[in-house]
Each structure stands twice: as C-alpha cells, then as structure tokens.
$ cat entry.pdb   # PDB, C-alpha atoms
ATOM      1  CA  TYR A 125     236.437 186.119 127.294
ATOM      2  CA  MET A 126     233.257 184.940 128.954
ATOM      3  CA  GLU A 127     234.557 181.752 130.554
ATOM      4  CA  PRO A 128     236.705 183.398 133.290
ATOM      5  CA  MET A 129     233.789 185.645 134.227
ATOM      6  CA  LEU A 130     231.151 182.880 134.225
ATOM      7  CA  LYS A 131     233.355 180.532 136.271
ATOM      8  CA  GLU A 132     232.848 182.918 139.191
ATOM      9  CA  PHE A 133     229.132 182.086 139.298
ATOM     10  CA  PRO A 134     228.447 178.733 140.997
ATOM     11  CA  ASN A 135     225.233 178.093 139.052
ATOM     12  CA  CYS A 136     226.658 178.240 135.493
ATOM     13  CA  LEU A 137     227.207 175.352 133.122
ATOM     14  CA  ILE A 138     229.907 176.206 130.566
ATOM     15  CA  LEU A 139     230.244 173.885 127.579
ATOM     16  CA  ARG A 140     233.371 174.196 125.423
ATOM     17  CA  VAL A 141     232.175 173.343 121.915
ATOM     18  CA  ARG A 142     234.928 172.697 119.365
ATOM     19  CA  MET A 143     234.483 172.783 115.578
ATOM     20  CA  PRO A 144     230.701 172.172 115.616
ATOM     21  CA  ILE A 145     229.254 169.904 112.959
ATOM     22  CA  SER A 146     225.589 169.732 111.968
ATOM     23  CA  ASP A 147     223.870 167.147 109.788
ATOM     24  CA  ASP A 148     222.433 169.752 107.454
ATOM     25  CA  LEU A 149     225.626 171.459 106.217
ATOM     26  CA  SER A 150     224.624 174.757 107.806
ATOM     27  CA  HIS A 151     226.926 177.590 106.750
ATOM     28  CA  ARG A 152     228.336 177.621 110.309
ATOM     29  CA  SER A 153     229.181 173.911 110.302
ATOM     30  CA  PHE A 154     232.851 172.919 110.276
ATOM     31  CA  VAL A 155     232.287 170.603 107.291
ATOM     32  CA  THR A 156     230.645 173.331 105.202
ATOM     33  CA  LYS A 157     233.614 175.576 105.868
ATOM     34  CA  ILE A 158     236.430 173.158 105.085
ATOM     35  CA  VAL A 159     234.932 171.794 101.862
ATOM     36  CA  LYS A 160     235.352 175.279 100.419
ATOM     37  CA  TYR A 161     239.109 175.168 100.978
ATOM     38  CA  GLU A 162     241.378 173.836  98.286
ATOM     39  CA  LYS A 163     244.058 172.949 100.843
ATOM     40  CA  VAL A 164     243.783 171.758 104.449
ATOM     41  CA  VAL A 165     246.197 170.763 107.188
ATOM     42  CA  ASN A 166     246.065 167.122 108.180
ATOM     43  CA  ILE A 167     246.030 167.480 111.951
ATOM     44  CA  PRO A 168     243.739 165.641 114.397
ATOM     45  CA  ASN A 169     241.347 167.749 116.486
ATOM     46  CA  SER A 170     238.563 167.327 118.978
ATOM     47  CA  MET A 171     235.164 168.133 117.471
ATOM     48  CA  THR A 172     231.515 168.404 118.496
ATOM     49  CA  ILE A 173     228.830 166.519 116.538
ATOM     50  CA  LEU A 174     225.813 168.625 117.497
ATOM     51  CA  THR A 175     223.165 165.948 116.854
ATOM     52  CA  GLU A 176     224.752 163.767 119.528
ATOM     53  CA  MET A 177     225.850 166.459 121.947
ATOM     54  CA  LEU A 178     222.837 168.788 122.156
ATOM     55  CA  PRO A 179     220.597 166.230 123.927
ATOM     56  CA  LEU A 180     223.430 165.781 126.419
ATOM     57  CA  SER A 181     223.462 169.529 127.141
ATOM     58  CA  LEU A 182     219.781 169.407 128.079
ATOM     59  CA  ALA A 183     220.306 166.336 130.270
ATOM     60  CA  MET A 184     223.229 168.048 132.015
ATOM     61  CA  ALA A 185     221.108 171.121 132.713
ATOM     62  CA  LYS A 186     218.250 168.960 134.051
ATOM     63  CA  LYS A 187     220.710 167.134 136.303
ATOM     64  CA  GLY A 188     221.850 170.516 137.644
ATOM     65  CA  LEU A 189     225.474 170.166 136.578
ATOM     66  CA  THR A 190     227.611 173.293 136.775
ATOM     67  CA  GLY A 191     231.170 174.206 135.914
ATOM     68  CA  VAL A 192     233.276 173.944 132.778
ATOM     69  CA  TYR A 193     233.108 170.908 130.500
ATOM     70  CA  ASN A 194     234.971 170.104 127.301
ATOM     71  CA  PHE A 195     231.916 169.442 125.152
ATOM     72  CA  THR A 196     233.281 167.279 122.350
ATOM     73  CA  ASN A 197     232.868 163.728 121.195
ATOM     74  CA  PRO A 198     235.683 161.596 122.602
ATOM     75  CA  GLY A 199     238.752 161.151 120.422
ATOM     76  CA  VAL A 200     240.217 163.168 117.583
ATOM     77  CA  ILE A 201     239.743 163.169 113.827
ATOM     78  CA  SER A 202     241.853 164.811 111.142
ATOM     79  CA  HIS A 203     240.665 167.175 108.446
ATOM     80  CA  ASN A 204     241.624 164.557 105.851
ATOM     81  CA  GLU A 205     239.472 161.932 107.558
ATOM     82  CA  VAL A 206     236.514 164.344 107.573
ATOM     83  CA  LEU A 207     236.966 165.203 103.905
ATOM     84  CA  ASP A 208     237.327 161.524 102.994
ATOM     85  CA  LEU A 209     233.926 160.902 104.609
ATOM     86  CA  TYR A 210     232.525 163.879 102.676
ATOM     87  CA  ILE A 211     233.800 162.265  99.476
ATOM     88  CA  LYS A 212     232.391 158.861 100.478
ATOM     89  CA  TYR A 213     228.884 160.091 101.336
ATOM     90  CA  ILE A 214     228.268 163.465  99.698
ATOM     91  CA  ASP A 215     230.495 164.224  96.717
ATOM     92  CA  PRO A 216     232.763 161.560  95.203
ATOM     93  CA  THR A 217     234.106 164.165  92.737
ATOM     94  CA  TYR A 218     235.447 166.423  95.504
ATOM     95  CA  THR A 219     239.221 166.779  95.768
ATOM     96  CA  TYR A 220     241.555 168.470  98.237
ATOM     97  CA  LYS A 221     245.247 168.917  98.883
ATOM     98  CA  ASN A 222     247.255 169.225 102.071
ATOM     99  CA  PHE A 223     249.608 171.929 103.140
ATOM    100  CA  THR A 224     251.843 172.425 106.139
ATOM    101  CA  LEU A 225     251.129 174.591 109.161
ATOM    102  CA  GLU A 226     253.784 176.972 107.895
ATOM    103  CA  GLU A 227     252.112 177.240 104.479
ATOM    104  CA  GLN A 228     248.717 177.687 106.150
ATOM    105  CA  ALA A 229     250.024 180.496 108.369
ATOM    106  CA  LYS A 230     250.904 182.513 105.259
ATOM    107  CA  VAL A 231     247.319 182.557 103.946
ATOM    108  CA  ILE A 232     245.059 182.763 107.006
ATOM    109  CA  LYS A 233     244.006 185.927 108.782
ATOM    110  CA  ALA A 234     244.151 184.543 112.325
ATOM    111  CA  PRO A 235     246.165 181.685 113.827
ATOM    112  CA  ARG A 236     244.395 178.354 114.321
ATOM    113  CA  SER A 237     244.644 175.991 117.251
ATOM    114  CA  ASN A 238     244.721 172.242 116.892
ATOM    115  CA  ASN A 239     244.084 170.197 120.011
ATOM    116  CA  GLU A 240     242.504 167.253 121.741
ATOM    117  CA  LEU A 241     240.253 168.168 124.633
ATOM    118  CA  ASP A 242     240.009 165.797 127.584
ATOM    119  CA  THR A 243     236.430 164.508 127.964
ATOM    120  CA  THR A 244     237.047 162.503 131.154
ATOM    121  CA  LYS A 245     235.057 164.916 133.346
ATOM    122  CA  LEU A 246     232.185 165.042 130.815
ATOM    123  CA  PHE A 247     231.846 161.245 130.757
ATOM    124  CA  ARG A 248     232.299 160.929 134.509
ATOM    125  CA  ASP A 249     229.373 163.292 135.162
ATOM    126  CA  MET A 250     227.217 162.406 132.144
ATOM    127  CA  PRO A 251     223.609 161.580 133.039
ATOM    128  CA  GLU A 252     222.545 157.952 132.591
ATOM    129  CA  GLY A 253     220.840 156.921 129.381
ATOM    130  CA  ILE A 254     222.865 159.241 127.139
ATOM    131  CA  VAL A 255     225.001 157.689 124.395
ATOM    132  CA  ILE A 256     227.860 159.681 122.896
ATOM    133  CA  ASN A 257     229.891 157.995 120.166
ATOM    134  CA  GLU A 258     233.616 158.227 119.600
ATOM    135  CA  ILE A 259     234.293 160.924 116.989
ATOM    136  CA  HIS A 260     234.926 158.575 114.032
ATOM    137  CA  LYS A 261     231.672 156.664 114.537
ATOM    138  CA  ALA A 262     229.809 159.904 115.265
ATOM    139  CA  TYR A 263     231.071 161.424 112.008
ATOM    140  CA  GLU A 264     230.190 158.304 110.017
ATOM    141  CA  LEU A 265     226.613 158.437 111.368
ATOM    142  CA  CYS A 266     226.463 162.194 110.802
ATOM    143  CA  PHE A 267     227.441 161.864 107.145
ATOM    144  CA  GLN A 268     224.897 159.067 106.647
ATOM    145  CA  ARG A 269     222.144 161.363 107.992
ATOM    146  CA  MET A 270     223.514 164.266 105.977
ATOM    147  CA  LYS A 271     223.387 162.278 102.739
ATOM    148  CA  GLU A 272     219.823 161.180 103.424
ATOM    149  CA  ASN A 273     218.668 164.696 104.341
ATOM    150  CA  LEU A 274     220.423 166.422 101.425
ATOM    151  CA  THR A 275     219.095 163.864  98.945
ATOM    152  CA  LYS A 276     215.537 164.377 100.222
ATOM    153  CA  GLU A 277     215.877 168.147 100.052
ATOM    154  CA  TYR A 278     217.849 168.628  96.816
ATOM    155  CA  GLY A 279     217.796 165.356  94.880
ATOM    156  CA  PRO A 280     220.617 163.006  93.844
ATOM    157  CA  LEU A 281     224.083 163.980  95.056
ATOM    158  CA  PRO A 282     226.466 165.512  94.170
ATOM    159  CA  ASP A 283     224.884 167.174  91.125
ATOM    160  CA  SER A 284     222.057 168.697  93.136
ATOM    161  CA  LEU A 285     224.234 170.267  95.856
ATOM    162  CA  PRO A 286     223.351 173.952  96.209
ATOM    163  CA  ALA A 287     225.954 176.578  95.243
ATOM    164  CA  GLU A 288     226.640 177.545  98.859
ATOM    165  CA  LEU A 289     227.910 174.032  99.506
ATOM    166  CA  ARG A 290     230.387 174.102  96.625
ATOM    167  CA  ARG A 291     233.887 175.476  96.375
ATOM    168  CA  VAL A 292     233.931 178.810  94.550
TER
END

$ encode --input "entry.pdb" --output "structure tokens"
Amino acid sequence: YMEPMLKEFPNCLILRVRMPISDDLSHRSFVTKIVKYEKVVNIPNSMTILTEMLPLSLAMAKKGLTGVYNFTNPGVISHNEVLDLYIKYIDPTYTYKNFTLEEQAKVIKAPRSNNELDTTKLFRDMPEGIVINEIHKAYELCFQRMKENLTKEYGPLPDSLPAELRRV
C-alpha cells in the first residue's frame, strides 16, 4: 500500500525485504516461523538475510540512493534447503514433510506468493566495500552464527532450545 505513494516522492529509498531472517531466531524471523510447521512447500524464494543486508541499507542511505530496490540476497533457496540447514546446525532431531501448493491452500488463511526478485539494480548501485553473499552461502553463515549465539545463550543444542523455538 505504501510503495505506490512513496514512489511519488523523489527523496525516498524503498527497500523490498522478502522473508527476513535474523541470526537470533526472533519470533518474526522466517526460520522461526517455518520450523513450527509440520509441512512446508518445497518452492524456491528470494529471501533477505538481515545481518548482511542491514549494513547495505545504511550505506545506500549515506550514498543518497532513492527509488525502489528489491532488497534480497541474490539467488533463491527452497524451504527444504532452509530446514535442512536448521537440522544441520540447530536441531538434528527436527523433521518435516512436504505438501503441494494445493494442499497448502486448504490450510492457510491467506494465499502465499513464491518468487525470485531481480537484484540487478541493487548490485548495480551498491556502494563500494559492501559484500552481499548469494543466498545459500548467506544462509550457511547465518546458521553458523545462530548456532554459536544460541549455544552461548541457552547451552548445548537442541536440548536447550527454548519452548518458543519448538513446534507445539
């Protein structure tokens, strides 16, 4: 709703974040949400690893960039690939199943979109000195940091994972 309005102002920087992921398993993180599902669709999507992308947002603002940018790591990653990394780094006992888009549509409240956003403009205009990894490498690094941070905070994984990070 806001994007069409803000595009009319020449001094606005609009960043399209998609499925944001944080290293700390915040309740708003994409990973925290999907690990609570018993079934997921195995479709590739563009996603935003916040640890990598937030410094870029500041650099873009300092450079005075304006306009609309697809603000995702380059490439796509599937839900299965994300959950496999969760199993590898956080909880080797975690399991999941797949279901089709048709099966998913029967159980969700609102339709979901699955897409790959073009990051050509973002990388063309990106300030020098910023490194943004392809989504698979970015996720791998994110889960490594997540494991380290969760272990420091809660103890050995997966037994020490707090209740809010477990499937109910």

$ atom_distance --input "entry.pdb" --atom1 "CA of Tyr220 in chain A" --atom2 "CA of Ile145 in chain A"
19.2 Å

$ closest_atom_pairs --input "entry.pdb" --of "range 170-245 of chain A" --to "range 269-273 of chain A" --cutoff "10 Å" --atoms "only C-alpha atoms" --output "JSON lines"
{"residue": "A:Tyr210", "atom": "CA", "partner": "A:Lys271", "partner_atom": "CA", "distance": 9.3}
{"residue": "A:Lys212", "atom": "CA", "partner": "A:Lys271", "partner_atom": "CA", "distance": 9.9}
{"residue": "A:Tyr213", "atom": "CA", "partner": "A:Lys271", "partner_atom": "CA", "distance": 6.1}
{"residue": "A:Ile214", "atom": "CA", "partner": "A:Lys271", "partner_atom": "CA", "distance": 5.9}
{"residue": "A:Asp215", "atom": "CA", "partner": "A:Lys271", "partner_atom": "CA", "distance": 9.5}

$ resolve_selection --input "entry.pdb" --expression "the PyMOL selection byres ((chain A and resi 206) around 10)" --output "PDB file with C-alpha atoms, in the frame of the given file"
ATOM      1  CA  PHE A 154     232.851 172.919 110.276  1.00  0.00           C
ATOM      2  CA  VAL A 155     232.287 170.603 107.291  1.00  0.00           C
ATOM      3  CA  ILE A 158     236.430 173.158 105.085  1.00  0.00           C
ATOM      4  CA  VAL A 159     234.932 171.794 101.862  1.00  0.00           C
ATOM      5  CA  ASN A 166     246.065 167.122 108.180  1.00  0.00           C
ATOM      6  CA  ILE A 201     239.743 163.169 113.827  1.00  0.00           C
ATOM      7  CA  SER A 202     241.853 164.811 111.142  1.00  0.00           C
ATOM      8  CA  HIS A 203     240.665 167.175 108.446  1.00  0.00           C
ATOM      9  CA  ASN A 204     241.624 164.557 105.851  1.00  0.00           C
ATOM     10  CA  GLU A 205     239.472 161.932 107.558  1.00  0.00           C
ATOM     11  CA  LEU A 207     236.966 165.203 103.905  1.00  0.00           C
ATOM     12  CA  ASP A 208     237.327 161.524 102.994  1.00  0.00           C
ATOM     13  CA  LEU A 209     233.926 160.902 104.609  1.00  0.00           C
ATOM     14  CA  TYR A 210     232.525 163.879 102.676  1.00  0.00           C
ATOM     15  CA  ILE A 211     233.800 162.265  99.476  1.00  0.00           C
ATOM     16  CA  LYS A 212     232.391 158.861 100.478  1.00  0.00           C
ATOM     17  CA  HIS A 260     234.926 158.575 114.032  1.00  0.00           C
ATOM     18  CA  TYR A 263     231.071 161.424 112.008  1.00  0.00           C
ATOM     19  CA  GLU A 264     230.190 158.304 110.017  1.00  0.00           C
ATOM     20  CA  PHE A 267     227.441 161.864 107.145  1.00  0.00           C
TER      21      PHE A 267
END

$ resolve_selection --input "entry.pdb" --expression "the PyMOL selection byres ((chain A and resi 140) around 8)" --output "list in words"
Ile138, Leu139, Val141, Arg142, Val192, Tyr193, Asn194, Phe195 and Thr196 of chain A

$ write_last_selection --input "entry.pdb" --atoms "C-alpha atoms" --output "PDB file, keeping the file's coordinate frame"
ATOM      1  CA  ILE A 138     229.907 176.206 130.566  1.00  0.00           C
ATOM      2  CA  LEU A 139     230.244 173.885 127.579  1.00  0.00           C
ATOM      3  CA  VAL A 141     232.175 173.343 121.915  1.00  0.00           C
ATOM      4  CA  ARG A 142     234.928 172.697 119.365  1.00  0.00           C
ATOM      5  CA  VAL A 192     233.276 173.944 132.778  1.00  0.00           C
ATOM      6  CA  TYR A 193     233.108 170.908 130.500  1.00  0.00           C
ATOM      7  CA  ASN A 194     234.971 170.104 127.301  1.00  0.00           C
ATOM      8  CA  PHE A 195     231.916 169.442 125.152  1.00  0.00           C
ATOM      9  CA  THR A 196     233.281 167.279 122.350  1.00  0.00           C
TER      10      THR A 196
END

$ residues_around --input "entry.pdb" --residues "Cys266 in chain A" --least-positions-apart "6" --cutoff "9 Å" --atoms "only C-alpha atoms" --output "MDAnalysis selection string"
chainID A and resid 145:147 173 175

$ write_last_selection --input "entry.pdb" --atoms "C-alpha atoms" --output "PDB file, keeping the file's coordinate frame"
ATOM      1  CA  ILE A 145     229.254 169.904 112.959  1.00  0.00           C
ATOM      2  CA  SER A 146     225.589 169.732 111.968  1.00  0.00           C
ATOM      3  CA  ASP A 147     223.870 167.147 109.788  1.00  0.00           C
ATOM      4  CA  ILE A 173     228.830 166.519 116.538  1.00  0.00           C
ATOM      5  CA  THR A 175     223.165 165.948 116.854  1.00  0.00           C
TER       6      THR A 175
END

$ resolve_selection --input "entry.pdb" --expression "the PyMOL selection byres ((chain A and resi 290) around 12)" --output "PDB file with C-alpha atoms, in the coordinates of the input"
ATOM      1  CA  LEU A 149     225.626 171.459 106.217  1.00  0.00           C
ATOM      2  CA  HIS A 151     226.926 177.590 106.750  1.00  0.00           C
ATOM      3  CA  VAL A 155     232.287 170.603 107.291  1.00  0.00           C
ATOM      4  CA  THR A 156     230.645 173.331 105.202  1.00  0.00           C
ATOM      5  CA  LYS A 157     233.614 175.576 105.868  1.00  0.00           C
ATOM      6  CA  ILE A 158     236.430 173.158 105.085  1.00  0.00           C
ATOM      7  CA  VAL A 159     234.932 171.794 101.862  1.00  0.00           C
ATOM      8  CA  LYS A 160     235.352 175.279 100.419  1.00  0.00           C
ATOM      9  CA  TYR A 161     239.109 175.168 100.978  1.00  0.00           C
ATOM     10  CA  GLU A 162     241.378 173.836  98.286  1.00  0.00           C
ATOM     11  CA  ILE A 214     228.268 163.465  99.698  1.00  0.00           C
ATOM     12  CA  ASP A 215     230.495 164.224  96.717  1.00  0.00           C
ATOM     13  CA  THR A 217     234.106 164.165  92.737  1.00  0.00           C
ATOM     14  CA  TYR A 218     235.447 166.423  95.504  1.00  0.00           C
ATOM     15  CA  THR A 219     239.221 166.779  95.768  1.00  0.00           C
ATOM     16  CA  PRO A 282     226.466 165.512  94.170  1.00  0.00           C
ATOM     17  CA  ASP A 283     224.884 167.174  91.125  1.00  0.00           C
ATOM     18  CA  SER A 284     222.057 168.697  93.136  1.00  0.00           C
ATOM     19  CA  LEU A 285     224.234 170.267  95.856  1.00  0.00           C
ATOM     20  CA  PRO A 286     223.351 173.952  96.209  1.00  0.00           C
ATOM     21  CA  ALA A 287     225.954 176.578  95.243  1.00  0.00           C
ATOM     22  CA  GLU A 288     226.640 177.545  98.859  1.00  0.00           C
ATOM     23  CA  LEU A 289     227.910 174.032  99.506  1.00  0.00           C
ATOM     24  CA  ARG A 291     233.887 175.476  96.375  1.00  0.00           C
ATOM     25  CA  VAL A 292     233.931 178.810  94.550  1.00  0.00           C
TER      26      VAL A 292
END

$ closest_residue --input "entry.pdb" --among "A:Lys186, A:Asp249, A:Val165, A:Leu130" --to "Glu226 in chain A" --atoms "all atoms listed in the file"
A:Val165

$ atom_distance --input "entry.pdb" --atom1 "CA of Ser153 in chain A" --atom2 "CA of Met171 in chain A"
11.0 Å

$ residues_around --input "entry.pdb" --residues "Gly199 in chain A" --least-positions-apart "3" --cutoff "10 Å" --atoms "only C-alpha atoms" --output "list in words"
Pro168, Asn169, Ser170, Met171, Thr196, Glu240, Leu241, Asp242, Thr243, Asn257, Glu258, Ile259 and His260 of chain A

$ closest_residue --input "entry.pdb" --among "A:Ala262, A:Lys221, A:Ile254, A:Pro198" --to "Leu174 in chain A" --atoms "only C-alpha atoms"
A:Ala262

$ axis_aligned_box --input "entry.pdb" --around "range 233-240 of chain A" --padding-each-side "6 Å" --output "JSON"
{"center_x": 244.3, "center_y": 176.6, "center_z": 115.3, "size_x": 15.7, "size_y": 30.7, "size_z": 25.0}

$ atom_distance --input "entry.pdb" --atom1 "CA of Leu225 in chain A" --atom2 "CA of Lys261 in chain A"
27.0 Å

$ decode --input "entry.pdb" --residues "range 167-179 of chain A" --atoms "all heavy atoms" --output "PDB file, in the first residue's frame"
ATOM      1  N   ILE A 167       9.408 -24.840  -2.507  1.00  0.00           N
ATOM      2  CA  ILE A 167       9.484 -23.912  -3.628  1.00  0.00           C
ATOM      3  C   ILE A 167      10.570 -22.874  -3.343  1.00  0.00           C
ATOM      4  O   ILE A 167      10.629 -22.317  -2.251  1.00  0.00           O
ATOM      5  CB  ILE A 167       8.123 -23.214  -3.839  1.00  0.00           C
ATOM      6  CG1 ILE A 167       7.083 -24.267  -4.211  1.00  0.00           C
ATOM      7  CG2 ILE A 167       8.228 -22.134  -4.902  1.00  0.00           C
ATOM      8  CD1 ILE A 167       5.710 -23.728  -4.398  1.00  0.00           C
ATOM      9  N   PRO A 168      11.432 -22.598  -4.313  1.00  0.00           N
ATOM     10  CA  PRO A 168      12.483 -21.592  -4.121  1.00  0.00           C
ATOM     11  C   PRO A 168      11.907 -20.180  -4.038  1.00  0.00           C
ATOM     12  O   PRO A 168      10.946 -19.852  -4.728  1.00  0.00           O
ATOM     13  CB  PRO A 168      13.366 -21.736  -5.358  1.00  0.00           C
ATOM     14  CG  PRO A 168      12.884 -22.924  -6.102  1.00  0.00           C
ATOM     15  CD  PRO A 168      11.526 -23.257  -5.613  1.00  0.00           C
ATOM     16  N   ASN A 169      12.508 -19.358  -3.195  1.00  0.00           N
ATOM     17  CA  ASN A 169      12.104 -17.969  -2.998  1.00  0.00           C
ATOM     18  C   ASN A 169      13.319 -17.090  -2.779  1.00  0.00           C
ATOM     19  O   ASN A 169      14.348 -17.541  -2.282  1.00  0.00           O
ATOM     20  CB  ASN A 169      11.225 -17.852  -1.743  1.00  0.00           C
ATOM     21  CG  ASN A 169       9.786 -18.174  -2.017  1.00  0.00           C
ATOM     22  OD1 ASN A 169       9.072 -17.363  -2.574  1.00  0.00           O
ATOM     23  ND2 ASN A 169       9.350 -19.375  -1.618  1.00  0.00           N
ATOM     24  N   SER A 170      13.157 -15.829  -3.100  1.00  0.00           N
ATOM     25  CA  SER A 170      14.138 -14.822  -2.692  1.00  0.00           C
ATOM     26  C   SER A 170      13.950 -14.552  -1.207  1.00  0.00           C
ATOM     27  O   SER A 170      12.823 -14.581  -0.705  1.00  0.00           O
ATOM     28  CB  SER A 170      13.896 -13.518  -3.457  1.00  0.00           C
ATOM     29  OG  SER A 170      14.235 -13.659  -4.804  1.00  0.00           O
ATOM     30  N   MET A 171      15.048 -14.285  -0.508  1.00  0.00           N
ATOM     31  CA  MET A 171      14.981 -14.012   0.928  1.00  0.00           C
ATOM     32  C   MET A 171      16.026 -12.974   1.313  1.00  0.00           C
ATOM     33  O   MET A 171      16.988 -12.749   0.589  1.00  0.00           O
ATOM     34  CB  MET A 171      15.172 -15.296   1.729  1.00  0.00           C
ATOM     35  CG  MET A 171      14.111 -16.349   1.434  1.00  0.00           C
ATOM     36  SD  MET A 171      14.211 -17.732   2.565  1.00  0.00           S
ATOM     37  CE  MET A 171      13.156 -18.901   1.721  1.00  0.00           C
ATOM     38  N   THR A 172      15.823 -12.379   2.490  1.00  0.00           N
ATOM     39  CA  THR A 172      16.690 -11.314   2.987  1.00  0.00           C
ATOM     40  C   THR A 172      17.355 -11.754   4.284  1.00  0.00           C
ATOM     41  O   THR A 172      16.677 -11.934   5.298  1.00  0.00           O
ATOM     42  CB  THR A 172      15.865 -10.035   3.244  1.00  0.00           C
ATOM     43  OG1 THR A 172      15.178  -9.669   2.044  1.00  0.00           O
ATOM     44  CG2 THR A 172      16.746  -8.897   3.719  1.00  0.00           C
ATOM     45  N   ILE A 173      18.668 -11.954   4.258  1.00  0.00           N
ATOM     46  CA  ILE A 173      19.434 -12.251   5.474  1.00  0.00           C
ATOM     47  C   ILE A 173      19.800 -10.896   6.081  1.00  0.00           C
ATOM     48  O   ILE A 173      20.654 -10.167   5.574  1.00  0.00           O
ATOM     49  CB  ILE A 173      20.697 -13.081   5.177  1.00  0.00           C
ATOM     50  CG1 ILE A 173      20.360 -14.378   4.439  1.00  0.00           C
ATOM     51  CG2 ILE A 173      21.475 -13.346   6.468  1.00  0.00           C
ATOM     52  CD1 ILE A 173      19.690 -15.457   5.255  1.00  0.00           C
ATOM     53  N   LEU A 174      19.135 -10.551   7.170  1.00  0.00           N
ATOM     54  CA  LEU A 174      19.244  -9.203   7.738  1.00  0.00           C
ATOM     55  C   LEU A 174      20.663  -8.821   8.146  1.00  0.00           C
ATOM     56  O   LEU A 174      21.068  -7.674   7.961  1.00  0.00           O
ATOM     57  CB  LEU A 174      18.291  -9.057   8.917  1.00  0.00           C
ATOM     58  CG  LEU A 174      16.801  -9.138   8.548  1.00  0.00           C
ATOM     59  CD1 LEU A 174      15.942  -9.189   9.813  1.00  0.00           C
ATOM     60  CD2 LEU A 174      16.394  -7.974   7.664  1.00  0.00           C
ATOM     61  N   THR A 175      21.432  -9.744   8.685  1.00  0.00           N
ATOM     62  CA  THR A 175      22.796  -9.441   9.122  1.00  0.00           C
ATOM     63  C   THR A 175      23.636  -8.903   7.965  1.00  0.00           C
ATOM     64  O   THR A 175      24.451  -8.007   8.149  1.00  0.00           O
ATOM     65  CB  THR A 175      23.477 -10.693   9.711  1.00  0.00           C
ATOM     66  OG1 THR A 175      22.641 -11.224  10.726  1.00  0.00           O
ATOM     67  CG2 THR A 175      24.827 -10.372  10.296  1.00  0.00           C
ATOM     68  N   GLU A 176      23.422  -9.444   6.790  1.00  0.00           N
ATOM     69  CA  GLU A 176      24.172  -8.983   5.612  1.00  0.00           C
ATOM     70  C   GLU A 176      23.565  -7.725   5.012  1.00  0.00           C
ATOM     71  O   GLU A 176      24.283  -6.856   4.529  1.00  0.00           O
ATOM     72  CB  GLU A 176      24.188 -10.083   4.545  1.00  0.00           C
ATOM     73  CG  GLU A 176      25.024 -11.267   4.937  1.00  0.00           C
ATOM     74  CD  GLU A 176      25.469 -12.082   3.743  1.00  0.00           C
ATOM     75  OE1 GLU A 176      25.084 -11.777   2.600  1.00  0.00           O
ATOM     76  OE2 GLU A 176      26.239 -13.028   3.966  1.00  0.00           O
ATOM     77  N   MET A 177      22.251  -7.637   5.006  1.00  0.00           N
ATOM     78  CA  MET A 177      21.581  -6.593   4.242  1.00  0.00           C
ATOM     79  C   MET A 177      21.426  -5.269   4.994  1.00  0.00           C
ATOM     80  O   MET A 177      21.411  -4.204   4.373  1.00  0.00           O
ATOM     81  CB  MET A 177      20.218  -7.088   3.766  1.00  0.00           C
ATOM     82  CG  MET A 177      20.283  -8.334   2.880  1.00  0.00           C
ATOM     83  SD  MET A 177      21.243  -8.130   1.366  1.00  0.00           S
ATOM     84  CE  MET A 177      20.140  -7.111   0.413  1.00  0.00           C
ATOM     85  N   LEU A 178      21.313  -5.297   6.306  1.00  0.00           N
ATOM     86  CA  LEU A 178      21.113  -4.044   7.040  1.00  0.00           C
ATOM     87  C   LEU A 178      22.283  -3.064   6.895  1.00  0.00           C
ATOM     88  O   LEU A 178      22.051  -1.866   6.692  1.00  0.00           O
ATOM     89  CB  LEU A 178      20.784  -4.318   8.501  1.00  0.00           C
ATOM     90  CG  LEU A 178      19.387  -4.934   8.720  1.00  0.00           C
ATOM     91  CD1 LEU A 178      19.158  -5.241  10.191  1.00  0.00           C
ATOM     92  CD2 LEU A 178      18.293  -4.055   8.168  1.00  0.00           C
ATOM     93  N   PRO A 179      23.537  -3.515   6.939  1.00  0.00           N
ATOM     94  CA  PRO A 179      24.629  -2.556   6.686  1.00  0.00           C
ATOM     95  C   PRO A 179      24.530  -1.936   5.291  1.00  0.00           C
ATOM     96  O   PRO A 179      24.868  -0.770   5.098  1.00  0.00           O
ATOM     97  CB  PRO A 179      25.893  -3.401   6.844  1.00  0.00           C
ATOM     98  CG  PRO A 179      25.481  -4.525   7.747  1.00  0.00           C
ATOM     99  CD  PRO A 179      24.050  -4.819   7.384  1.00  0.00           C
TER     100      PRO A 179
END
